[in-house]
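start-v4.cif follows (mmCIF, C-alpha atoms):
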```cif
data_structure
#
loop_
_atom_site.label_atom_id
_atom_site.label_comp_id
_atom_site.auth_asym_id
_atom_site.auth_seq_id
_atom_site.Cartn_x
_atom_site.Cartn_y
_atom_site.Cartn_z
CA MET P 270 16.98 -6.01 5.39
CA ALA P 271 18.83 -3.19 3.61
CA SER P 272 21.63 -3.27 6.18
CA GLY P 273 21.86 -7.06 6.08
CA GLU P 274 20.77 -7.40 9.72
CA MET P 275 17.86 -9.60 8.59
CA ASP P 276 16.87 -11.41 5.42
CA LEU P 277 13.26 -12.14 4.51
CA ILE P 278 13.26 -15.43 6.41
CA GLY P 279 14.58 -13.58 9.46
CA VAL P 280 11.81 -11.00 9.14
CA LEU P 281 9.20 -13.76 9.06
CA ASP P 282 10.70 -15.29 12.19
CA TRP P 283 10.76 -11.88 13.87
CA VAL P 284 7.07 -11.36 13.07
CA ALA P 285 6.25 -14.82 14.42
CA ALA P 286 7.88 -13.91 17.73
CA SER P 287 6.04 -10.59 17.93
CA SER P 288 2.42 -9.65 18.57
CA ALA P 289 1.77 -9.35 14.84
CA GLY P 290 -0.22 -11.96 12.96
CA HIS P 291 0.77 -11.51 9.31
CA LEU P 292 3.19 -9.78 6.96
CA GLU P 293 3.00 -7.65 3.83
CA ILE P 294 5.93 -7.69 1.41
CA ALA P 295 6.78 -4.60 -0.61
CA GLY P 296 8.71 -5.41 -3.77
CA MET P 297 9.32 -1.73 -4.45
CA ASP P 298 12.89 -2.35 -5.60
CA GLY P 299 11.72 -3.46 -9.02
CA GLU P 300 12.51 -6.91 -10.33
CA PHE P 301 14.16 -8.47 -7.27
CA TYR P 302 11.51 -11.05 -6.44
CA LEU P 303 10.88 -11.71 -10.12
CA GLU P 304 14.52 -12.69 -10.41
CA HIS P 305 14.80 -14.72 -7.16
CA ASP P 306 12.16 -17.40 -7.37
CA ASP P 307 14.10 -19.56 -4.90
CA LEU P 308 13.77 -16.85 -2.24
CA VAL P 309 10.04 -16.53 -2.93
CA ARG P 310 9.61 -20.29 -2.65
CA ASP P 311 11.58 -20.51 0.61
CA ALA P 312 9.75 -17.55 2.14
CA ALA P 313 6.35 -18.98 1.22
CA LYS P 314 7.28 -22.29 2.84
CA GLN P 315 8.61 -20.61 5.97
CA ALA P 316 5.50 -18.43 6.24
CA ASP P 317 3.34 -21.55 6.07
CA ASP P 318 5.49 -23.49 8.52
CA ILE P 319 5.48 -20.80 11.22
CA GLY P 320 1.92 -19.55 10.69
CA VAL P 321 2.70 -16.04 9.47
CA PRO P 322 0.65 -15.55 6.30
CA ILE P 323 1.89 -13.16 3.63
CA VAL P 324 -1.35 -11.30 3.00
CA ASN P 325 -0.36 -8.62 0.49
CA TYR P 326 2.39 -8.17 -2.10
CA LEU P 327 2.97 -4.54 -3.09
CA VAL P 328 4.82 -3.28 -6.17
CA SER P 329 5.35 -0.11 -8.15
CA GLY P 330 3.56 0.41 -11.44
CA ASP P 331 2.91 2.93 -14.18
CA LEU P 332 -0.30 2.49 -16.17
CA ARG P 333 -0.59 6.05 -17.45
CA THR P 334 -0.31 4.75 -21.02
CA ALA P 335 -1.67 1.21 -20.42
CA ASP P 336 1.55 -0.01 -22.05
CA ASP P 337 1.50 -3.73 -22.94
CA LYS P 338 5.03 -4.23 -21.59
CA GLU P 339 4.12 -2.73 -18.21
CA ILE P 340 0.89 -4.71 -18.00
CA ASP P 341 2.84 -7.90 -18.72
CA ARG P 342 5.35 -7.00 -15.99
CA LEU P 343 2.53 -6.53 -13.49
CA ARG P 344 1.03 -9.85 -14.51
CA ARG P 345 4.36 -11.51 -13.81
CA GLN P 346 4.48 -9.73 -10.44
CA LEU P 347 1.02 -11.15 -9.79
CA ASP P 348 2.51 -14.59 -10.36
CA VAL P 349 5.06 -13.74 -7.66
CA ALA P 350 2.23 -12.78 -5.29
CA HIS P 351 0.61 -16.13 -6.02
CA ARG P 352 3.83 -18.00 -5.23
CA PHE P 353 4.13 -16.05 -1.98
CA GLY P 354 0.62 -17.23 -1.13
CA ALA P 355 -0.68 -13.64 -0.95
CA GLY P 356 -4.40 -13.16 -1.52
CA ILE P 357 -4.00 -9.42 -2.19
CA PHE P 358 -1.82 -7.61 -4.74
CA ARG P 359 -1.25 -3.86 -4.71
CA HIS P 360 0.18 -1.95 -7.67
CA ASP P 361 0.67 1.72 -8.35
CA VAL P 362 -0.62 3.35 -11.54
CA ALA P 363 1.84 6.27 -11.76
CA PRO P 364 5.13 7.41 -10.24
CA TRP P 365 4.63 8.54 -6.66
CA ASP P 366 5.37 12.24 -7.29
CA TRP P 367 3.51 12.63 -10.61
CA ARG P 368 0.49 14.92 -10.77
CA GLU P 369 -1.56 15.91 -13.81
CA GLN P 370 -1.15 19.45 -15.08
CA ASP P 371 -4.82 20.11 -15.76
CA PRO P 372 -8.24 18.38 -15.68
CA GLY P 373 -7.93 17.31 -19.31
CA GLU P 374 -4.71 15.44 -18.63
CA PHE P 375 -6.31 13.76 -15.64
CA GLU P 376 -9.30 12.54 -17.67
CA SER P 377 -7.25 11.18 -20.56
CA THR P 378 -4.80 9.51 -18.18
CA PHE P 379 -7.63 8.14 -16.06
CA GLU P 380 -9.14 6.35 -19.08
CA ARG P 381 -5.87 4.53 -19.78
CA VAL P 382 -5.38 3.68 -16.12
CA VAL P 383 -8.83 2.06 -16.07
CA GLU P 384 -7.87 -0.05 -19.07
CA GLY P 385 -4.62 -1.16 -17.46
CA CYS P 386 -6.19 -1.93 -14.09
CA ARG P 387 -8.80 -4.12 -15.79
CA ALA P 388 -6.12 -6.13 -17.56
CA VAL P 389 -4.19 -6.67 -14.31
CA ALA P 390 -7.34 -7.49 -12.32
CA ASP P 391 -8.44 -10.05 -14.89
CA HIS P 392 -5.16 -11.95 -14.50
CA ALA P 393 -5.45 -11.63 -10.71
CA ALA P 394 -8.91 -13.22 -10.90
CA GLU P 395 -7.42 -16.23 -12.68
CA LEU P 396 -5.11 -16.69 -9.67
CA GLY P 397 -7.79 -16.09 -7.05
CA ILE P 398 -6.17 -12.80 -6.01
CA VAL P 399 -7.73 -9.43 -5.19
CA SER P 400 -5.99 -6.72 -7.19
CA THR P 401 -5.80 -3.32 -5.48
CA ILE P 402 -4.74 0.27 -5.87
CA GLU P 403 -3.50 2.21 -2.86
CA ASN P 404 -4.35 5.85 -2.14
CA HIS P 405 -0.72 6.71 -2.74
CA GLY P 406 1.29 9.65 -4.04
CA PHE P 407 -0.20 12.72 -5.69
CA PHE P 408 -2.15 11.42 -8.70
CA MET P 409 -4.34 8.50 -7.65
CA ASN P 410 -5.01 9.68 -4.12
CA GLY P 411 -7.99 11.07 -2.28
CA SER P 412 -11.07 8.99 -1.55
CA ASP P 413 -13.15 10.42 -4.41
CA ARG P 414 -10.57 9.49 -7.04
CA LEU P 415 -10.07 5.98 -5.65
CA ALA P 416 -13.79 5.30 -5.44
CA ARG P 417 -14.26 6.54 -8.99
CA LEU P 418 -11.48 4.25 -10.22
CA VAL P 419 -12.92 1.17 -8.52
CA HIS P 420 -16.34 1.96 -10.01
CA ALA P 421 -14.90 2.49 -13.51
CA VAL P 422 -12.74 -0.65 -13.51
CA ASP P 423 -15.84 -2.60 -12.52
CA ARG P 424 -14.20 -5.87 -11.54
CA PRO P 425 -15.36 -7.70 -8.40
CA ASN P 426 -11.75 -8.46 -7.43
CA PHE P 427 -10.50 -4.88 -7.87
CA ARG P 428 -10.46 -3.06 -4.54
CA VAL P 429 -8.36 -0.65 -2.45
CA THR P 430 -5.41 -1.06 -0.15
CA LEU P 431 -6.51 1.70 2.21
CA ASP P 432 -3.73 3.73 3.79
CA LEU P 433 -5.22 5.74 6.65
CA GLY P 434 -2.67 8.55 6.41
CA ASN P 435 -1.81 9.00 2.75
CA GLY P 436 -4.80 11.21 1.96
CA LEU P 437 -3.00 13.96 3.84
CA CYS P 438 -0.59 14.23 0.91
CA VAL P 439 -3.37 15.68 -1.23
CA GLY P 440 -5.03 17.68 1.54
CA GLU P 441 -7.69 15.15 2.57
CA VAL P 442 -8.31 14.69 6.27
CA PRO P 443 -7.81 11.05 7.38
CA GLY P 444 -11.39 10.69 8.62
CA LYS P 445 -12.73 11.39 5.13
CA THR P 446 -10.25 8.96 3.62
CA ALA P 447 -11.29 6.17 5.98
CA ALA P 448 -15.02 6.76 5.68
CA GLY P 449 -14.86 7.11 1.90
CA LEU P 450 -12.86 3.97 1.21
CA ILE P 451 -13.56 1.45 3.97
CA ASP P 452 -16.43 -0.16 2.05
CA ILE P 453 -14.25 -0.86 -1.00
CA ALA P 454 -11.10 -1.79 0.91
CA ALA P 455 -9.40 -5.19 0.76
CA SER P 456 -6.82 -4.29 3.41
CA VAL P 457 -5.87 -1.40 5.67
CA GLY P 458 -2.53 0.22 6.45
CA VAL P 459 -1.98 2.13 9.69
CA LYS P 460 0.74 4.77 10.02
CA ASP P 461 1.29 8.03 11.86
CA PHE P 462 2.63 11.45 10.98
CA HIS P 463 3.75 14.60 12.71
CA ILE P 464 1.73 17.35 10.99
CA ARG P 465 2.93 20.97 10.95
CA ARG P 466 2.17 24.21 9.12
CA SER P 467 5.88 24.92 8.74
CA ALA P 468 8.91 22.68 9.03
CA GLY P 469 12.58 22.29 8.21
CA ASP P 470 14.44 19.94 5.93
CA GLY P 471 13.21 16.38 5.48
CA TRP P 472 9.46 17.00 5.78
CA LEU P 473 7.00 16.33 2.97
CA LYS P 474 4.95 19.32 1.79
CA THR P 475 1.36 18.38 0.98
CA LEU P 476 -0.93 19.90 -1.64
CA ALA P 477 -2.69 21.69 1.24
CA GLY P 478 0.55 23.33 2.33
CA ASP P 479 1.02 21.23 5.46
CA TYR P 480 4.23 19.35 6.26
CA LEU P 481 4.40 15.67 7.18
CA LEU P 482 7.04 13.56 8.89
CA GLY P 483 6.49 9.86 9.47
CA THR P 484 6.85 8.63 13.03
CA ILE P 485 6.07 5.75 15.39
CA ALA P 486 2.37 4.91 15.38
CA GLY P 487 0.86 6.61 18.42
CA HIS P 488 3.56 9.31 18.60
CA GLY P 489 2.17 11.56 15.88
CA ASP P 490 -0.83 13.79 15.29
CA MET P 491 -3.24 11.40 13.61
CA ASP P 492 -6.40 10.37 15.45
CA LEU P 493 -5.64 6.65 15.41
CA ALA P 494 -8.44 5.83 17.85
CA GLY P 495 -11.05 7.46 15.63
CA LEU P 496 -9.65 5.89 12.47
CA LEU P 497 -9.43 2.41 13.99
CA ALA P 498 -13.03 2.77 15.13
CA VAL P 499 -13.98 3.13 11.46
CA VAL P 500 -11.81 0.14 10.54
CA SER P 501 -13.43 -1.97 13.27
CA SER P 502 -16.64 -1.95 11.22
CA LYS P 503 -14.86 -4.33 8.82
CA PRO P 504 -13.29 -6.94 11.11
CA GLU P 505 -12.57 -9.26 8.19
CA LEU P 506 -9.98 -6.88 6.69
CA PRO P 507 -6.28 -7.50 7.37
CA VAL P 508 -4.78 -4.46 9.11
CA SER P 509 -1.05 -3.82 8.77
CA LEU P 510 1.33 -1.41 10.46
CA GLU P 511 3.50 0.72 8.20
CA PHE P 512 6.46 2.62 9.63
CA GLU P 513 8.34 5.25 7.63
CA GLY P 514 9.85 7.43 10.35
CA LEU P 515 13.39 8.41 11.26
CA GLU P 516 13.44 6.39 14.48
CA ALA P 517 15.57 3.25 14.56
CA THR P 518 13.98 -0.06 13.64
CA PRO P 519 12.97 -2.59 14.77
CA LYS P 520 12.35 -0.93 18.15
CA ALA P 521 10.16 1.73 16.50
CA ILE P 522 8.03 -0.99 14.93
CA GLU P 523 7.69 -2.81 18.26
CA ARG P 524 6.51 0.38 19.95
CA GLY P 525 4.14 1.28 17.15
CA LEU P 526 2.66 -2.21 17.09
CA ALA P 527 2.07 -2.16 20.84
CA ASN P 528 0.40 1.25 20.57
CA VAL P 529 -1.87 0.23 17.69
CA LEU P 530 -2.95 -2.99 19.43
CA ARG P 531 -3.69 -1.07 22.64
CA ILE P 532 -5.69 1.59 20.80
CA ALA P 533 -7.57 -1.02 18.75
CA GLU P 534 -8.51 -2.93 21.89
CA GLY P 535 -9.92 0.25 23.35
CA VAL P 536 -12.19 0.92 20.36
CA ALA P 537 -13.25 -2.68 19.64
#
```
What do you get writing this file as structure tokens?
Amino acid sequence: MASGEMDLIGVLDWVAASSAGHLEIAGMDGEFYLEHDDLVRDAAKQADDIGVPIVNYLVSGDLRTADDKEIDRLRRQLDVAHRFGAGIFRHDVAPWDWREQDPGEFESTFERVVEGCRAVADHAAELGIVSTIENHGFFMNGSDRLARLVHAVDRPNFRVTLDLGNGLCVGEVPGKTAAGLIDIAASVGVKDFHIRRSAGDGWLKTLAGDYLLGTIAGHGDMDLAGLLAVVSSKPELPVSLEFEGLEATPKAIERGLANVLRIAEGVA
């Protein structure tokens, strides 16, 4: 889409012709879909016509101060999710690379995040949408923090978009992430990483001192078979493939999708 090779309608058609059964849309570029209601309308119609449901709409967010302006923006993004026909909405609560300086800052920030997530989830409930937080970045990541947040927000429609690999960023092994969050998940994201103790330029350094590089699902070091076995205990959850490697798309996505489907069939 960034290169102009496909637009959103083209992506939907590509998914329909593939082995995939649904699509997630990441509106991480800010206000684009808020400002292009005609595109949202046309995509929703195309998704319905070709049988490719848009299951999750994902946006950035910053609720560290529970600012009214930011909460209102997320509510308007929820309206976009509703127009897309998505039953799940995922928002961040802090910039990806932000991390508290000490336990006191975490606790005070956590209280405001709870307040903001409740306000967003309450609007989501009015639309029949499940509002979610992803284990994402360096602040709200790790299964213990996510489970605590869901418990504190205490809304039946506030759950987790569970990314099977992101816990690595804060030093959590993927098996703990999956086991700790699967029961409060509304959806699951599958990805793969190369994992090294030392690496050159372009790799992400984790809080545990490891280095990560995204790759085609099935080509990396994650135990996808073991993780998908955990996911198989919740067959009602939509499971999506996320690719963030250096390999060229869409061929990398095709290969990753084929690998995930083969692995999932083997553990079903």
Tell me, in Å to one decimal, how far atom CA of P:Phe358 is from atom CA of P:Tyr326. 5.0 Å
I'd like the contact shell of P:Gly487 - 7 Å cut-off, only C-alpha atoms, skipping same-chain residues fewer than 3 positions apart - returned as a ChimeraX atom specification. /P:461,525,528-529
Given the selection you just returned, output its residues as a file containing C-alpha atoms, formatted as a short mmCIF file (atom, residue, chain, number, x, y, z; two decimals), in the coordinates of the input.
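Written output follows (part_38.cif):
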```cif
data_model
loop_
_atom_site.label_atom_id
_atom_site.label_comp_id
_atom_site.auth_asym_id
_atom_site.auth_seq_id
_atom_site.Cartn_x
_atom_site.Cartn_y
_atom_site.Cartn_z
CA ASP P 461 1.29 8.03 11.86
CA GLY P 525 4.14 1.28 17.15
CA ASN P 528 0.40 1.25 20.57
CA VAL P 529 -1.87 0.23 17.69
#
```
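Shell of P:Ala394 at 12 Å, with all atoms listed in the file counted and residues fewer than 5 places along the chain excluded, is P:Arg344, P:Leu347, P:Asp348, P:His351, P:Gly356, P:Ile357, P:Phe358, P:Arg387, P:Ala388, P:Val389, P:Val399, P:Ser400, P:Thr401, P:Arg424, P:Pro425, P:Asn426, P:Phe427.
Closest approach to P:Lys503 among P:Val284, P:Ala447, P:Leu332, P:Ala468: P:Ala447, based on all atoms listed in the file.
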Students should find that atom CA of P:Val459 and atom CA of P:Leu510 are spaced 4.9 Å
One decimal, Å: what's the distance from atom CA of P:Gly478 over to atom CA of P:Glu516, could you say? 24.5 Å
Incomplete stretch 467-478 of chain P filled out to all heavy atoms as a JSON list (two decimals), in the coordinates of the input:
```json
[["chain", "number", "residue", "atom", "x", "y", "z"],
["P", 467, "SER", "N", 4.56, 24.55, 9.26],
["P", 467, "SER", "CA", 5.88, 24.92, 8.74],
["P", 467, "SER", "C", 6.88, 23.94, 9.32],
["P", 467, "SER", "O", 6.67, 23.40, 10.40],
["P", 467, "SER", "CB", 6.25, 26.37, 9.12],
["P", 467, "SER", "OG", 6.31, 26.50, 10.53],
["P", 468, "ALA", "N", 7.95, 23.70, 8.58],
["P", 468, "ALA", "CA", 8.91, 22.68, 9.03],
["P", 468, "ALA", "C", 10.23, 22.88, 8.30],
["P", 468, "ALA", "O", 10.32, 23.60, 7.30],
["P", 468, "ALA", "CB", 8.37, 21.28, 8.76],
["P", 469, "GLY", "N", 11.25, 22.22, 8.81],
["P", 469, "GLY", "CA", 12.58, 22.29, 8.21],
["P", 469, "GLY", "C", 12.80, 21.20, 7.18],
["P", 469, "GLY", "O", 11.87, 20.63, 6.62],
["P", 470, "ASP", "N", 14.06, 20.90, 6.96],
["P", 470, "ASP", "CA", 14.44, 19.94, 5.93],
["P", 470, "ASP", "C", 13.96, 18.53, 6.30],
["P", 470, "ASP", "O", 13.93, 18.15, 7.47],
["P", 470, "ASP", "CB", 15.97, 19.93, 5.79],
["P", 470, "ASP", "CG", 16.43, 18.98, 4.70],
["P", 470, "ASP", "OD1", 15.98, 19.14, 3.55],
["P", 470, "ASP", "OD2", 17.22, 18.07, 5.01],
["P", 471, "GLY", "N", 13.57, 17.77, 5.28],
["P", 471, "GLY", "CA", 13.21, 16.38, 5.48],
["P", 471, "GLY", "C", 11.72, 16.12, 5.63],
["P", 471, "GLY", "O", 11.31, 14.96, 5.73],
["P", 472, "TRP", "N", 10.91, 17.16, 5.66],
["P", 472, "TRP", "CA", 9.46, 17.00, 5.78],
["P", 472, "TRP", "C", 8.83, 17.04, 4.39],
["P", 472, "TRP", "O", 9.33, 17.71, 3.48],
["P", 472, "TRP", "CB", 8.87, 18.12, 6.64],
["P", 472, "TRP", "CG", 9.26, 18.06, 8.09],
["P", 472, "TRP", "CD1", 10.52, 18.16, 8.59],
["P", 472, "TRP", "CD2", 8.38, 17.90, 9.20],
["P", 472, "TRP", "NE1", 10.49, 18.08, 9.97],
["P", 472, "TRP", "CE2", 9.20, 17.92, 10.37],
["P", 472, "TRP", "CE3", 7.01, 17.76, 9.34],
["P", 472, "TRP", "CZ2", 8.67, 17.79, 11.65],
["P", 472, "TRP", "CZ3", 6.47, 17.63, 10.61],
["P", 472, "TRP", "CH2", 7.28, 17.64, 11.75],
["P", 473, "LEU", "N", 7.72, 16.35, 4.24],
["P", 473, "LEU", "CA", 7.00, 16.33, 2.97],
["P", 473, "LEU", "C", 5.95, 17.42, 2.96],
["P", 473, "LEU", "O", 5.11, 17.49, 3.86],
["P", 473, "LEU", "CB", 6.32, 14.97, 2.77],
["P", 473, "LEU", "CG", 5.34, 14.87, 1.60],
["P", 473, "LEU", "CD1", 6.09, 14.98, 0.28],
["P", 473, "LEU", "CD2", 4.53, 13.58, 1.68],
["P", 474, "LYS", "N", 5.97, 18.28, 1.92],
["P", 474, "LYS", "CA", 4.95, 19.32, 1.79],
["P", 474, "LYS", "C", 3.76, 18.76, 1.03],
["P", 474, "LYS", "O", 3.89, 18.21, -0.06],
["P", 474, "LYS", "CB", 5.50, 20.54, 1.07],
["P", 474, "LYS", "CG", 4.52, 21.72, 1.06],
["P", 474, "LYS", "CD", 5.14, 22.95, 0.42],
["P", 474, "LYS", "CE", 4.18, 24.14, 0.48],
["P", 474, "LYS", "NZ", 4.77, 25.36, -0.13],
["P", 475, "THR", "N", 2.57, 18.90, 1.59],
["P", 475, "THR", "CA", 1.36, 18.38, 0.98],
["P", 475, "THR", "C", 0.75, 19.40, 0.02],
["P", 475, "THR", "O", 1.14, 20.58, 0.01],
["P", 475, "THR", "CB", 0.32, 18.01, 2.04],
["P", 475, "THR", "OG1", -0.26, 19.22, 2.57],
["P", 475, "THR", "CG2", 0.95, 17.21, 3.17],
["P", 476, "LEU", "N", -0.25, 18.97, -0.74],
["P", 476, "LEU", "CA", -0.93, 19.90, -1.64],
["P", 476, "LEU", "C", -1.72, 20.96, -0.88],
["P", 476, "LEU", "O", -2.06, 21.99, -1.45],
["P", 476, "LEU", "CB", -1.88, 19.13, -2.57],
["P", 476, "LEU", "CG", -1.23, 18.15, -3.55],
["P", 476, "LEU", "CD1", -2.27, 17.60, -4.51],
["P", 476, "LEU", "CD2", -0.09, 18.80, -4.33],
["P", 477, "ALA", "N", -1.99, 20.71, 0.40],
["P", 477, "ALA", "CA", -2.69, 21.69, 1.24],
["P", 477, "ALA", "C", -1.72, 22.66, 1.92],
["P", 477, "ALA", "O", -2.17, 23.56, 2.64],
["P", 477, "ALA", "CB", -3.54, 20.98, 2.29],
["P", 478, "GLY", "N", -0.43, 22.45, 1.72],
["P", 478, "GLY", "CA", 0.55, 23.33, 2.33],
["P", 478, "GLY", "C", 1.00, 22.92, 3.71],
["P", 478, "GLY", "O", 1.76, 23.64, 4.36]]
```
